[in-house]
$ cat entry19.json   # JSON, C-alpha atoms
[["chain", "number", "residue", "atom", "x", "y", "z"],
["A", 86, "MET", "CA", -59.93, 141.11, 124.26],
["A", 87, "THR", "CA", -56.59, 142.73, 125.07],
["A", 88, "HIS", "CA", -56.01, 144.52, 128.31],
["A", 89, "PRO", "CA", -56.12, 148.33, 127.80],
["A", 90, "ARG", "CA", -52.59, 148.70, 129.21],
["A", 91, "SER", "CA", -50.99, 146.20, 126.79],
["A", 92, "GLU", "CA", -52.96, 147.64, 123.88],
["A", 93, "LYS", "CA", -51.37, 151.05, 124.58],
["A", 94, "LYS", "CA", -47.90, 149.44, 124.61],
["A", 95, "LEU", "CA", -48.54, 147.75, 121.24],
["A", 96, "MET", "CA", -49.57, 151.04, 119.66],
["A", 97, "THR", "CA", -46.48, 152.84, 120.96],
["A", 98, "ARG", "CA", -44.14, 150.17, 119.55],
["A", 99, "LYS", "CA", -45.80, 150.14, 116.12],
["A", 100, "MET", "CA", -45.84, 153.97, 115.96],
["A", 101, "LYS", "CA", -42.03, 154.26, 115.82],
["A", 102, "LEU", "CA", -41.75, 152.35, 112.53],
["A", 103, "ILE", "CA", -44.51, 154.19, 110.69],
["A", 104, "PRO", "CA", -43.96, 157.46, 108.79],
["A", 105, "VAL", "CA", -45.75, 160.52, 110.14],
["A", 106, "ASP", "CA", -48.52, 160.90, 107.51],
["A", 107, "ARG", "CA", -49.62, 157.27, 107.91],
["A", 108, "ARG", "CA", -49.75, 157.79, 111.65],
["A", 109, "GLN", "CA", -52.29, 160.56, 111.16],
["A", 110, "VAL", "CA", -54.49, 158.24, 109.11],
["A", 111, "MET", "CA", -54.23, 155.63, 111.86],
["A", 112, "TYR", "CA", -55.19, 158.12, 114.55],
["A", 113, "GLY", "CA", -58.27, 159.04, 112.54],
["A", 114, "ALA", "CA", -59.17, 155.38, 112.00],
["A", 115, "ALA", "CA", -58.61, 154.58, 115.66],
["A", 116, "ALA", "CA", -60.80, 157.48, 116.75],
["A", 117, "ALA", "CA", -63.55, 156.34, 114.39],
["A", 118, "ALA", "CA", -63.28, 152.76, 115.61],
["A", 119, "LEU", "CA", -63.47, 153.89, 119.23],
["A", 120, "ALA", "CA", -66.54, 156.02, 118.53],
["A", 121, "ALA", "CA", -68.22, 153.07, 116.80],
["A", 122, "ALA", "CA", -67.37, 150.82, 119.72],
["A", 123, "MET", "CA", -68.85, 153.18, 122.33],
["A", 124, "PRO", "CA", -72.14, 151.29, 122.87],
["A", 125, "ALA", "CA", -70.09, 148.17, 123.63],
["A", 126, "LEU", "CA", -67.99, 150.05, 126.17],
["A", 127, "PRO", "CA", -69.84, 148.85, 129.29],
["A", 128, "ALA", "CA", -69.05, 145.20, 128.46],
["A", 129, "PHE", "CA", -65.43, 146.04, 127.66],
["A", 130, "ALA", "CA", -65.18, 148.11, 130.83],
["A", 131, "GLN", "CA", -66.63, 145.20, 132.74],
["A", 132, "ALA", "CA", -63.91, 142.91, 131.40],
["A", 133, "ALA", "CA", -61.22, 145.52, 132.10],
["A", 134, "GLN", "CA", -62.37, 145.88, 135.72],
["A", 135, "GLN", "CA", -61.66, 142.28, 136.74],
["A", 136, "PRO", "CA", -59.49, 142.31, 139.86],
["A", 137, "THR", "CA", -56.16, 140.51, 140.06],
["A", 138, "MET", "CA", -55.68, 137.86, 142.77],
["A", 139, "GLY", "CA", -53.66, 140.39, 144.78],
["A", 140, "GLU", "CA", -56.42, 143.01, 144.52],
["A", 141, "ALA", "CA", -59.13, 140.50, 145.41],
["A", 142, "LEU", "CA", -57.17, 139.31, 148.45],
["A", 143, "LYS", "CA", -56.50, 142.88, 149.58],
["A", 144, "ALA", "CA", -60.17, 143.79, 149.22],
["A", 145, "ALA", "CA", -61.03, 140.84, 151.48],
["A", 146, "ILE", "CA", -58.39, 141.00, 154.21],
["A", 147, "GLY", "CA", -56.56, 144.29, 153.74],
["A", 148, "ASP", "CA", -52.84, 144.15, 154.50],
["A", 149, "ALA", "CA", -53.06, 141.14, 156.83],
["A", 150, "LYS", "CA", -50.62, 138.36, 155.96],
["A", 151, "PRO", "CA", -52.29, 134.92, 155.92],
["A", 152, "ILE", "CA", -50.59, 132.09, 157.79],
["A", 153, "GLU", "CA", -50.79, 128.72, 156.06],
["A", 154, "GLY", "CA", -52.81, 126.32, 158.18],
["A", 155, "LYS", "CA", -56.13, 125.69, 159.94],
["A", 156, "VAL", "CA", -58.11, 126.06, 156.72],
["A", 157, "LYS", "CA", -59.10, 122.79, 155.07],
["A", 158, "LEU", "CA", -60.22, 122.79, 151.43],
["A", 159, "ASP", "CA", -61.84, 119.63, 150.09],
["A", 160, "LEU", "CA", -61.70, 119.65, 146.30],
["A", 161, "PRO", "CA", -61.32, 116.96, 143.64],
["A", 162, "GLU", "CA", -57.79, 116.50, 142.31],
["A", 163, "VAL", "CA", -59.24, 116.42, 138.81],
["A", 164, "ALA", "CA", -62.42, 118.27, 137.84],
["A", 165, "GLU", "CA", -63.93, 116.73, 134.71],
["A", 166, "ASN", "CA", -66.38, 119.58, 134.34],
["A", 167, "GLY", "CA", -65.07, 123.01, 135.27],
["A", 168, "ASN", "CA", -68.64, 124.34, 135.31],
["A", 169, "THR", "CA", -69.44, 122.68, 138.57],
["A", 170, "VAL", "CA", -66.65, 121.73, 140.95],
["A", 171, "PRO", "CA", -67.93, 120.75, 144.41],
["A", 172, "TYR", "CA", -65.96, 121.89, 147.44],
["A", 173, "THR", "CA", -66.07, 122.06, 151.20],
["A", 174, "VAL", "CA", -64.10, 124.61, 153.15],
["A", 175, "SER", "CA", -63.71, 124.32, 156.92],
["A", 176, "VAL", "CA", -61.64, 125.87, 159.67],
["A", 177, "GLU", "CA", -60.16, 123.35, 162.09],
["A", 178, "GLY", "CA", -60.05, 123.61, 165.84],
["A", 179, "ASP", "CA", -62.62, 123.07, 168.57],
["A", 180, "SER", "CA", -63.35, 126.70, 169.09],
["A", 181, "ALA", "CA", -63.09, 127.48, 165.37],
["A", 182, "ALA", "CA", -66.80, 128.04, 164.87],
["A", 183, "GLY", "CA", -66.95, 130.79, 167.42],
["A", 184, "GLN", "CA", -63.68, 132.38, 166.30],
["A", 185, "VAL", "CA", -64.17, 132.70, 162.56],
["A", 186, "LYS", "CA", -65.54, 135.94, 161.19],
["A", 187, "ALA", "CA", -65.37, 135.11, 157.49],
["A", 188, "VAL", "CA", -63.97, 132.70, 154.91],
["A", 189, "TYR", "CA", -63.07, 133.93, 151.42],
["A", 190, "VAL", "CA", -62.60, 131.51, 148.55],
["A", 191, "PHE", "CA", -60.52, 132.40, 145.46],
["A", 192, "ALA", "CA", -59.83, 130.70, 142.14],
["A", 193, "THR", "CA", -56.42, 132.20, 141.40],
["A", 194, "LYS", "CA", -56.53, 131.89, 137.60],
["A", 195, "ASN", "CA", -60.20, 132.69, 136.89],
["A", 196, "PRO", "CA", -60.89, 135.99, 135.05],
["A", 197, "ASN", "CA", -62.29, 137.21, 138.38],
["A", 198, "PRO", "CA", -60.52, 135.35, 141.21],
["A", 199, "ASN", "CA", -63.34, 135.97, 143.72],
["A", 200, "VAL", "CA", -65.52, 132.88, 144.12],
["A", 201, "ALA", "CA", -67.54, 133.40, 147.29],
["A", 202, "SER", "CA", -67.31, 134.94, 150.76],
["A", 203, "PHE", "CA", -68.94, 133.33, 153.77],
["A", 204, "PHE", "CA", -69.76, 135.27, 156.94],
["A", 205, "PHE", "CA", -70.39, 133.50, 160.22],
["A", 206, "SER", "CA", -72.15, 134.44, 163.45],
["A", 207, "PRO", "CA", -72.11, 133.26, 167.07],
["A", 208, "ARG", "CA", -74.88, 130.88, 165.95],
["A", 209, "SER", "CA", -72.69, 129.17, 163.33],
["A", 210, "GLY", "CA", -72.31, 125.67, 164.71],
["A", 211, "LYS", "CA", -69.30, 124.87, 162.53],
["A", 212, "ALA", "CA", -67.05, 127.06, 160.44],
["A", 213, "GLN", "CA", -67.76, 124.83, 157.46],
["A", 214, "VAL", "CA", -69.48, 125.48, 154.14],
["A", 215, "SER", "CA", -70.04, 123.35, 151.04],
["A", 216, "SER", "CA", -70.80, 124.72, 147.61],
["A", 217, "ARG", "CA", -69.87, 124.42, 143.93],
["A", 218, "MET", "CA", -67.57, 126.62, 141.88],
["A", 219, "ARG", "CA", -66.66, 127.27, 138.27],
["A", 220, "LEU", "CA", -63.02, 126.86, 137.31],
["A", 221, "GLY", "CA", -61.87, 128.10, 133.92],
["A", 222, "SER", "CA", -58.64, 126.11, 133.86],
["A", 223, "THR", "CA", -56.23, 124.09, 135.99],
["A", 224, "GLN", "CA", -55.26, 126.31, 138.93],
["A", 225, "ASP", "CA", -54.81, 126.79, 142.64],
["A", 226, "VAL", "CA", -57.91, 127.38, 144.74],
["A", 227, "VAL", "CA", -57.22, 129.37, 147.89],
["A", 228, "ALA", "CA", -59.40, 129.76, 150.98],
["A", 229, "VAL", "CA", -58.64, 132.44, 153.55],
["A", 230, "ALA", "CA", -60.17, 132.52, 157.04],
["A", 231, "GLN", "CA", -60.39, 135.80, 158.90],
["A", 232, "MET", "CA", -60.60, 135.29, 162.64],
["A", 233, "LYS", "CA", -62.29, 137.61, 165.11],
["A", 234, "ASP", "CA", -58.94, 138.47, 166.70],
["A", 235, "GLY", "CA", -57.65, 139.74, 163.35],
["A", 236, "SER", "CA", -55.43, 136.76, 162.52],
["A", 237, "VAL", "CA", -55.77, 135.29, 159.06],
["A", 238, "TYR", "CA", -55.17, 131.69, 157.94],
["A", 239, "MET", "CA", -55.18, 130.09, 154.54],
["A", 240, "GLY", "CA", -55.36, 126.75, 152.75],
["A", 241, "LYS", "CA", -54.64, 125.96, 149.13],
["A", 242, "ARG", "CA", -55.39, 123.11, 146.72],
["A", 243, "THR", "CA", -54.46, 122.58, 143.08],
["A", 244, "VAL", "CA", -57.30, 121.39, 140.85],
["A", 245, "LYS", "CA", -56.67, 119.97, 137.37],
["A", 246, "VAL", "CA", -59.54, 120.99, 135.13],
["A", 247, "THR", "CA", -60.35, 118.84, 132.10],
["A", 248, "ILE", "CA", -63.01, 121.05, 130.51],
["A", 249, "GLY", "CA", -62.94, 124.70, 131.59],
["A", 250, "GLY", "CA", -66.05, 126.25, 133.08],
["A", 251, "CYS", "CA", -66.07, 129.90, 132.18],
["A", 252, "GLY", "CA", -68.28, 129.57, 129.12],
["A", 253, "GLY", "CA", -67.88, 131.42, 125.84],
["B", 1391, "MET", "CA", -84.55, 134.60, 136.77],
["B", 1392, "ALA", "CA", -84.47, 132.41, 139.86],
["B", 1393, "SER", "CA", -86.96, 129.78, 140.82],
["B", 1394, "LYS", "CA", -87.60, 126.92, 143.18],
["B", 1395, "PRO", "CA", -85.53, 127.90, 146.22],
["B", 1396, "ARG", "CA", -85.27, 124.74, 148.26],
["B", 1397, "ILE", "CA", -84.12, 124.06, 151.81],
["B", 1398, "LYS", "CA", -83.21, 120.82, 153.54],
["B", 1399, "ILE", "CA", -83.34, 121.14, 157.30],
["B", 1400, "PRO", "CA", -83.92, 118.57, 160.04],
["B", 1401, "SER", "CA", -87.61, 118.43, 161.04],
["B", 1402, "SER", "CA", -86.71, 118.60, 164.71],
["B", 1403, "ALA", "CA", -83.64, 119.08, 166.85],
["B", 1404, "LYS", "CA", -82.53, 119.43, 170.43],
["B", 1405, "VAL", "CA", -81.43, 122.75, 171.87],
["B", 1406, "GLY", "CA", -77.68, 123.00, 171.40],
["B", 1407, "ASP", "CA", -77.58, 120.64, 168.40],
["B", 1408, "VAL", "CA", -75.47, 121.73, 165.47],
["B", 1409, "ILE", "CA", -77.61, 121.15, 162.39],
["B", 1410, "GLU", "CA", -76.66, 121.25, 158.72],
["B", 1411, "ILE", "CA", -78.86, 123.30, 156.43],
["B", 1412, "LYS", "CA", -78.67, 122.63, 152.70],
["B", 1413, "THR", "CA", -79.93, 125.22, 150.25],
["B", 1414, "LEU", "CA", -80.45, 125.24, 146.52],
["B", 1415, "ILE", "CA", -81.98, 127.69, 144.08],
["B", 1416, "THR", "CA", -82.46, 127.41, 140.32],
["B", 1417, "HIS", "CA", -80.55, 130.20, 138.55],
["B", 1418, "ASN", "CA", -78.35, 130.43, 135.45],
["B", 1419, "MET", "CA", -75.69, 132.55, 137.19],
["B", 1420, "GLU", "CA", -74.82, 134.26, 133.89],
["B", 1421, "THR", "CA", -71.16, 135.21, 134.28],
["B", 1422, "GLY", "CA", -70.91, 138.06, 131.80],
["B", 1423, "GLN", "CA", -68.06, 136.17, 130.07],
["B", 1424, "ARG", "CA", -70.18, 134.21, 127.59],
["B", 1425, "LYS", "CA", -70.81, 135.37, 124.03],
["B", 1426, "ASP", "CA", -74.18, 134.97, 122.34],
["B", 1427, "PRO", "CA", -73.37, 132.54, 119.48],
["B", 1428, "LYS", "CA", -75.78, 134.37, 117.12],
["B", 1429, "THR", "CA", -74.71, 137.98, 117.70],
["B", 1430, "GLY", "CA", -71.16, 137.52, 119.00],
["B", 1431, "LYS", "CA", -71.96, 139.99, 121.77],
["B", 1432, "LEU", "CA", -71.24, 139.37, 125.44],
["B", 1433, "ILE", "CA", -74.28, 138.24, 127.41],
["B", 1434, "PRO", "CA", -74.49, 140.61, 130.37],
["B", 1435, "ARG", "CA", -73.81, 139.34, 133.88],
["B", 1436, "ASP", "CA", -76.87, 138.33, 135.88],
["B", 1437, "ILE", "CA", -76.21, 136.41, 139.06],
["B", 1438, "ILE", "CA", -77.51, 135.86, 142.56],
["B", 1439, "LYS", "CA", -75.22, 138.02, 144.65],
["B", 1440, "THR", "CA", -76.23, 137.34, 148.23],
["B", 1441, "PHE", "CA", -77.68, 134.59, 150.37],
["B", 1442, "VAL", "CA", -78.73, 135.29, 153.96],
["B", 1443, "ALA", "CA", -80.03, 132.91, 156.61],
["B", 1444, "LYS", "CA", -81.90, 134.40, 159.56],
["B", 1445, "PHE", "CA", -83.24, 132.75, 162.68],
["B", 1446, "ASN", "CA", -86.01, 134.61, 164.48],
["B", 1447, "GLY", "CA", -85.08, 137.70, 162.51],
["B", 1448, "GLU", "CA", -81.38, 137.60, 163.39],
["B", 1449, "GLU", "CA", -78.77, 136.90, 160.71],
["B", 1450, "VAL", "CA", -76.93, 133.64, 161.38],
["B", 1451, "PHE", "CA", -75.08, 133.15, 158.10],
["B", 1452, "ARG", "CA", -74.38, 135.09, 154.93],
["B", 1453, "THR", "CA", -72.80, 134.36, 151.55],
["B", 1454, "GLU", "CA", -71.62, 136.89, 148.97],
["B", 1455, "MET", "CA", -71.40, 135.27, 145.54],
["B", 1456, "ASN", "CA", -69.46, 136.01, 142.37],
["B", 1457, "PRO", "CA", -69.82, 134.70, 138.80],
["B", 1458, "ALA", "CA", -67.56, 131.76, 139.74],
["B", 1459, "VAL", "CA", -70.40, 130.24, 141.75],
["B", 1460, "SER", "CA", -71.86, 127.42, 139.65],
["B", 1461, "ALA", "CA", -75.34, 127.66, 138.14],
["B", 1462, "ASN", "CA", -78.10, 126.60, 140.53],
["B", 1463, "PRO", "CA", -76.16, 127.74, 143.58],
["B", 1464, "TYR", "CA", -75.87, 125.08, 146.26],
["B", 1465, "ILE", "CA", -74.79, 126.20, 149.71],
["B", 1466, "SER", "CA", -74.74, 124.13, 152.87],
["B", 1467, "PHE", "CA", -73.77, 125.48, 156.28],
["B", 1468, "PHE", "CA", -74.22, 124.80, 160.00],
["B", 1469, "VAL", "CA", -76.27, 126.42, 162.72],
["B", 1470, "THR", "CA", -76.43, 125.79, 166.48],
["B", 1471, "VAL", "CA", -80.04, 125.40, 167.58],
["B", 1472, "PRO", "CA", -80.88, 127.94, 170.30],
["B", 1473, "GLY", "CA", -84.53, 126.84, 170.63],
["B", 1474, "SER", "CA", -87.70, 126.64, 168.58],
["B", 1475, "GLY", "CA", -88.16, 129.36, 166.04],
["B", 1476, "ASP", "CA", -88.41, 130.42, 162.42],
["B", 1477, "PHE", "CA", -85.73, 130.38, 159.79],
["B", 1478, "GLU", "CA", -85.87, 132.73, 156.86],
["B", 1479, "PHE", "CA", -83.61, 132.31, 153.81],
["B", 1480, "ILE", "CA", -83.24, 135.16, 151.34],
["B", 1481, "TRP", "CA", -81.50, 135.20, 147.96],
["B", 1482, "THR", "CA", -80.84, 138.56, 146.25],
["B", 1483, "ASP", "CA", -79.70, 139.04, 142.64],
["B", 1484, "ASP", "CA", -77.66, 141.76, 140.87],
["B", 1485, "LYS", "CA", -80.81, 143.81, 140.26],
["B", 1486, "GLY", "CA", -81.95, 143.61, 143.89],
["B", 1487, "GLN", "CA", -84.73, 141.10, 143.25],
["B", 1488, "THR", "CA", -85.23, 138.71, 146.14],
["B", 1489, "TRP", "CA", -86.57, 135.22, 146.69],
["B", 1490, "SER", "CA", -87.23, 133.87, 150.15],
["B", 1491, "VAL", "CA", -88.27, 130.74, 151.98],
["B", 1492, "LYS", "CA", -89.48, 130.49, 155.58],
["B", 1493, "GLU", "CA", -89.05, 127.30, 157.56],
["B", 1494, "PRO", "CA", -90.01, 126.70, 161.20],
["B", 1495, "LEU", "CA", -87.83, 124.61, 163.48],
["B", 1496, "LYS", "CA", -89.15, 122.71, 166.47],
["B", 1497, "ALA", "CA", -86.52, 122.29, 169.15],
["B", 1498, "SER", "CA", -86.86, 120.29, 172.35]]
$ encode --input "entry19.json" --output "structure tokens"
Amino acid sequence: MTHPRSEKKLMTRKMKLIPVDRRQVMYGAAAAALAAAMPALPAFAQAAQQPTMGEALKAAIGDAKPIEGKVKLDLPEVAENGNTVPYTVSVEGDSAAGQVKAVYVFATKNPNPNVASFFFSPRSGKAQVSSRMRLGSTQDVVAVAQMKDGSVYMGKRTVKVTIGGCGG
Amino acid sequence: MASKPRIKIPSSAKVGDVIEIKTLITHNMETGQRKDPKTGKLIPRDIIKTFVAKFNGEEVFRTEMNPAVSANPYISFFVTVPGSGDFEFIWTDDKGQTWSVKEPLKAS
């Protein structure tokens, strides 16, 4: 499925080489095709609404600039099955558990880079979580820790994916 | 649909101990990216969105999930034991359906 923005660009480029009367036929055909596609629109809209890595990061931490460090990401170097890649994310430091508000995990090249967000409390003994993620292809996985004092730290690992895990 | 939410938690602990709680629930976590091989249409997204752990009614840990969480979500996390009490674990899906498990903890 092409992104709506690039589809518009394609149409503009093609338009210049086509005589005017054929353009009118195309407009009509395009309008008919769009009308026919209407019931499918929610799925298309869903695909078009996937955030970019930048948008996902901004939604999580706003304009804060993450400092590399303190966040440890345990991931395999090679994931044979992208459908289930085990990981552990932890924030280092003795007082880490009490200081961490949230940890956000991103798969930078997945259709939707958001993987999971973890929110801690004063009762969280360790700022450490283990889970399993889907990776569609070889990419960087990024974990961002938001501290109570507003500072933000991040860790990054590259995972080579043998068989992608996004299905379809 | 989700089923069989399972929790692994120590049977007893001392006050102040940091315990690991392991959780698992059976669920497809349908991403919304897959196509039905017969119709060619996208299978709509249907995932567990939220997991919350409460101790004596107070939230101690929360996870917000996205389609990149693997099927049969496994989450393990840590809690400091404040005393004896009851844990409650709640999973909520895209449609707002919930599944929950209650587990008491004896602390000495």
$ interface_residues --input "entry19.json" --of "chain A" --to "chain B" --cutoff "6 Å" --atoms "only C-alpha atoms" --output "list of chain:residue names"
A:Thr169, A:Val200, A:Ala201, A:Ser202, A:Phe203, A:Phe204, A:Phe205, A:Ser206, A:Arg208, A:Ser209, A:Gly210, A:Lys211, A:Val214, A:Ser215, A:Ser216, A:Arg217, A:Met218, A:Arg219, A:Gly252, A:Gly253
$ write_last_selection --input "entry19.json" --atoms "C-alpha atoms" --output "CSV table (one decimal), in the coordinates of the input"
chain,number,residue,atom,x,y,z
A,169,THR,CA,-69.4,122.7,138.6
A,200,VAL,CA,-65.5,132.9,144.1
A,201,ALA,CA,-67.5,133.4,147.3
A,202,SER,CA,-67.3,134.9,150.8
A,203,PHE,CA,-68.9,133.3,153.8
A,204,PHE,CA,-69.8,135.3,156.9
A,205,PHE,CA,-70.4,133.5,160.2
A,206,SER,CA,-72.2,134.4,163.4
A,208,ARG,CA,-74.9,130.9,166.0
A,209,SER,CA,-72.7,129.2,163.3
A,210,GLY,CA,-72.3,125.7,164.7
A,211,LYS,CA,-69.3,124.9,162.5
A,214,VAL,CA,-69.5,125.5,154.1
A,215,SER,CA,-70.0,123.4,151.0
A,216,SER,CA,-70.8,124.7,147.6
A,217,ARG,CA,-69.9,124.4,143.9
A,218,MET,CA,-67.6,126.6,141.9
A,219,ARG,CA,-66.7,127.3,138.3
A,252,GLY,CA,-68.3,129.6,129.1
A,253,GLY,CA,-67.9,131.4,125.8
$ closest_residue --input "entry19.json" --among "A:Thr193, A:Gln213, A:Ser222, A:Asn199" --to "Val174 (chain A)" --atoms "all atoms listed in the file"
A:Gln213
$ residues_around --input "entry19.json" --residues "Asn166 (chain A)" --least-positions-apart "5" --cutoff "9 Å" --atoms "all atoms listed in the file" --output "PyMOL selection string"
chain A and resi 219-220+246-250
$ atom_distance --input "entry19.json" --atom1 "CA of Ser1498 (chain B)" --atom2 "CA of Lys1398 (chain B)"
19.2 Å
$ atom_distance --input "entry19.json" --atom1 "CA of Val1491 (chain B)" --atom2 "CA of Ile1397 (chain B)"
7.9 Å
$ atom_distance --input "entry19.json" --atom1 "CA of Asn1446 (chain B)" --atom2 "CA of Gly1475 (chain B)"
5.9 Å
$ closest_residue --input "entry19.json" --among "B:Ile1399, B:Lys1394, B:Asp1436, B:Lys1428" --to "Asp1484 (chain B)" --atoms "all atoms listed in the file"
B:Asp1436
$ residues_near_point --input "entry19.json" --point "(-92.6, 116.9, 165.9)" --cutoff "12 Å" --atoms "all atoms listed in the file" --output "PyMOL selection string"
chain B and resi 1400-1404+1474+1494-1498
$ residues_around --input "entry19.json" --residues "Lys186 (chain A)" --least-positions-apart "6" --cutoff "6 Å" --atoms "only C-alpha atoms" --output "list of chain:residue names"
A:Phe205, A:Gln231, A:Met232, A:Lys233
$ closest_atom_pairs --input "entry19.json" --of "region 163-230 of chain A" --to "region 149-152 of chain A" --cutoff "12 Å" --atoms "only C-alpha atoms" --output "Markdown table"
| residue | atom | partner | partner_atom | distance |
| --- | --- | --- | --- | --- |
| A:Val188 | CA | A:Pro151 | CA | 11.9 |
| A:Tyr189 | CA | A:Pro151 | CA | 11.7 |
| A:Val227 | CA | A:Pro151 | CA | 10.9 |
| A:Ala228 | CA | A:Pro151 | CA | 10.1 |
| A:Val229 | CA | A:Pro151 | CA | 7.2 |
| A:Ala230 | CA | A:Pro151 | CA | 8.3 |
$ build_atoms --input "entry19.json" --residues "region 188-204 of chain A" --atoms "N, CA and C atoms" --output "compact mmCIF listing (two decimals), keeping the file's coordinate frame"
# COMPACT_ATOMS: atom_id res chain seq x y z
N VAL A 188 -64.85 133.51 155.75
CA VAL A 188 -63.97 132.70 154.91
C VAL A 188 -64.16 133.19 153.48
N TYR A 189 -63.04 133.47 152.82
CA TYR A 189 -63.07 133.93 151.42
C TYR A 189 -62.45 132.86 150.54
N VAL A 190 -63.11 132.53 149.44
CA VAL A 190 -62.60 131.51 148.55
C VAL A 190 -62.24 132.16 147.21
N PHE A 191 -61.03 131.81 146.71
CA PHE A 191 -60.52 132.40 145.46
C PHE A 191 -60.10 131.31 144.48
N ALA A 192 -60.35 131.56 143.21
CA ALA A 192 -59.83 130.70 142.14
C ALA A 192 -58.77 131.55 141.45
N THR A 193 -57.51 131.27 141.75
CA THR A 193 -56.42 132.20 141.40
C THR A 193 -56.28 132.52 139.92
N LYS A 194 -56.71 131.61 139.02
CA LYS A 194 -56.53 131.89 137.60
C LYS A 194 -57.83 132.19 136.85
N ASN A 195 -58.95 132.31 137.55
CA ASN A 195 -60.20 132.69 136.89
C ASN A 195 -60.12 134.15 136.47
N PRO A 196 -60.89 134.57 135.45
CA PRO A 196 -60.89 135.99 135.05
C PRO A 196 -61.15 136.90 136.25
N ASN A 197 -62.08 136.52 137.10
CA ASN A 197 -62.29 137.21 138.38
C ASN A 197 -62.00 136.19 139.47
N PRO A 198 -60.90 136.38 140.23
CA PRO A 198 -60.52 135.35 141.21
C PRO A 198 -61.50 135.15 142.37
N ASN A 199 -62.38 136.13 142.62
CA ASN A 199 -63.34 135.97 143.72
C ASN A 199 -64.33 134.87 143.39
N VAL A 200 -64.50 133.92 144.31
CA VAL A 200 -65.52 132.88 144.12
C VAL A 200 -66.70 133.21 145.03
N ALA A 201 -66.48 133.11 146.34
CA ALA A 201 -67.54 133.40 147.29
C ALA A 201 -66.94 133.80 148.63
N SER A 202 -67.70 134.56 149.41
CA SER A 202 -67.31 134.94 150.76
C SER A 202 -68.39 134.47 151.70
N PHE A 203 -67.98 133.86 152.81
CA PHE A 203 -68.94 133.33 153.77
C PHE A 203 -68.74 134.04 155.10
N PHE A 204 -69.83 134.52 155.70
CA PHE A 204 -69.76 135.27 156.94
C PHE A 204 -70.51 134.53 158.02
